[in-house]
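Read through the structure below, which is laid out as structure tokens, and then see the notes.
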Amino acid sequence: MMQILLPIHILAGTIALLSAIMAVLSEKGKKLHLLSGRTYFWCMVAIFLTAIPMSIITSNIFLFLIAFFSFYLAFAGIRFARNRKGIATTSDWIAVGLMILSGVGMWILAAIIFMNKNPMAIPLLVFGFAAIFLGYGDLKSHKNKTAIGKERIARHLTSMIGGTIAVTTAVLVVNVKIEPVWIWWVLPTVLIVPLIIWWRIKVMK
């Protein structure tokens with residue numbers, strides 16, 4: 001099963017990263033941007049659908065939680081792109097609930113492995129904070145129906161680029177074998193989050 005799932009997972013991750021880069025660089029709202037965005041989303045679906053069984057087969061709770069975290073960002077990104085009225089559906093509520101739960105799960109796991117002096121507690125704390133922070137923000141947006149106009153576009157960008165951070169992180173961790181490993185888990189977040197903040201401010205202005 002792993003021999004079937006892993007190549008699909010890697011291929012989907014590669015295409016997702018290339019599509020994300022193309023979406024960022026292309027003119028927003030045009031055909032190339034829309035096509036690359038859709039390609040990115042469906043590749044993230046493939047990543048999620050392969051990561052979940054692989055995490056169960058290998059008993060990897062970390063991968064299980066990261067899979068939900070990463071997929072939510074792509075899901076929220078595509079939903080904010082399409083939902084111009086800001087009215088959340090049942091799937092939106094379920095997804096944001098799972099996002100927040102994944103963040104709580106990461107913090108619990110971080111506490112457990114921290115007791116064993118495992119440095120991977122650091123990226124778990126970082127991603128757990130991101131999951132709860134972004135999830136709660138989207139939850140408030142759904143509740144107050146504020147994801148319209150510029151706010152909708154800003155949330156779309158935040159989620160999509162956030163998902164891109166997740167894919168970039170996976171590529172780095174798999175291909176760069178330099179200690180300590182936990183640095184490569186958080187480096188893309190440290191480098192790209194300021195870009196998200198700058199872009200969000202630009203959109204809101």
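If you're wondering about the labels, chains in the structure tokens are A, B, ... by order shown, residues count from 1 in each chain, ligands from 1 in order shown.
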
| query | Hey, what's within 12 Å of Ile196 in chain A if we count only C-alpha atoms and toss same-chain stuff fewer than 2 positions away? As a PyMOL selection string, please? | reply | chain A and resi 24+154-165+188-194+198-203

| message | Let's see if you can do this: from backbone DSSP, list all helix (DSSP H, G or I) residues in range 44-98 of chain A, as a PyMOL selection string. | response | chain A and resi 44-57+61-82+90-98

Contacts between range 80-97 of chain A and range 103-200 of chain A, please, where a residue of range 103-200 of chain A counts if it comes within 9 Å (with only C-alpha atoms); show its shortest atom pair and distance in Å to one decimal, rows by chain and ascending number, as CSV.
residue,atom,partner,partner_atom,distance
A:Leu134,CA,A:Val96,CA,9.0
A:Gly135,CA,A:Val96,CA,5.5
A:Tyr136,CA,A:Val96,CA,7.8
A:Asp138,CA,A:Val96,CA,7.0
A:Leu139,CA,A:Val96,CA,6.5
A:Ser141,CA,A:Gly86,CA,7.9
A:His142,CA,A:Ala88,CA,5.4
A:Lys143,CA,A:Ala88,CA,7.9
A:Asn144,CA,A:Gly86,CA,8.7
A:Lys145,CA,A:Gly86,CA,5.0
A:Thr146,CA,A:Gly86,CA,6.2
A:Ala147,CA,A:Gly86,CA,4.7
A:Ile148,CA,A:Gly86,CA,5.4
A:Gly149,CA,A:Arg84,CA,7.5
A:Arg152,CA,A:Phe80,CA,5.8
A:Ile153,CA,A:Ala81,CA,6.9
A:Ala154,CA,A:Phe80,CA,8.9
A:Arg155,CA,A:Phe80,CA,6.6
A:His156,CA,A:Phe80,CA,5.1
A:Leu157,CA,A:Ala81,CA,8.8
A:Ser159,CA,A:Phe80,CA,8.7

| query | Hey, what's within 9 Å of range 102-105 of chain A if we count only C-alpha atoms and toss same-chain stuff fewer than 4 positions away? As a PyMOL selection string, please? | reply | chain A and resi 64-66+68-69+97-98+109-110+124-125+127-133+135

Restricting it to C-alpha atoms, dump the selection as a compact mmCIF listing (two decimals), in the first residue's frame.
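Result written to part-v4.txt:
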# COMPACT_ATOMS: atom_id res chain seq x y z
CA PHE A 64 -2.02 12.76 10.49
CA LEU A 65 -2.43 16.17 12.14
CA ILE A 66 -0.31 18.00 9.53
CA PHE A 68 -5.61 18.05 8.19
CA PHE A 69 -3.80 21.33 8.80
CA GLY A 97 -13.70 22.87 13.49
CA LEU A 98 -11.26 20.18 12.35
CA LEU A 109 1.50 15.99 21.00
CA ALA A 110 4.15 18.71 21.46
CA LEU A 124 4.38 21.28 16.52
CA LEU A 125 3.99 24.32 18.75
CA PHE A 127 1.93 24.81 13.52
CA GLY A 128 -0.47 24.32 16.42
CA PHE A 129 -0.51 28.06 17.03
CA ALA A 130 -1.03 28.72 13.31
CA ALA A 131 -3.90 26.21 13.13
CA ILE A 132 -5.72 27.69 16.12
CA PHE A 133 -5.02 31.31 15.13
CA GLY A 135 -8.99 28.59 12.39

| To one decimal place, how far is CA of Leu6 in chain A from CA of Ser59 in chain A in Å? |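 Rounded to one decimal, the two atoms are 15.2 Å apart.
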
| task | Find the residues around Leu18 in chain A up to 12 Å (only C-alpha atoms counted), leave out those fewer than 2 positions away in its own chain, and share them as an MDAnalysis selection string. | result | chainID A and resid 11:16 20:25 36:37 39:41 43 164 167:168 171

| request: One decimal, Å: what's the distance from CA of Ala170 in chain A over to CA of Trp42 in chain A, could you say? | output: 17.1 Å

| What does the distance from CA of Val173 in chain A to CA of Val186 in chain A come to in Å, to one decimal? | 10.0 Å

| Distance query Thr50 in chain A at most 7 Å, only C-alpha atoms, self and fewer than 4 positions along chain excluded, as a ChimeraX atom specification | /A:5,9,46,54

| query | Looking at A:Lys205, A:Ile108, A:Met2, A:Met120, which one is nearest to Pro53 in chain A, with distances taken over only C-alpha atoms? | reply |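 Among A:Lys205, A:Ile108, A:Met2, A:Met120, it is A:Met2 that comes nearest to Pro53 in chain A.
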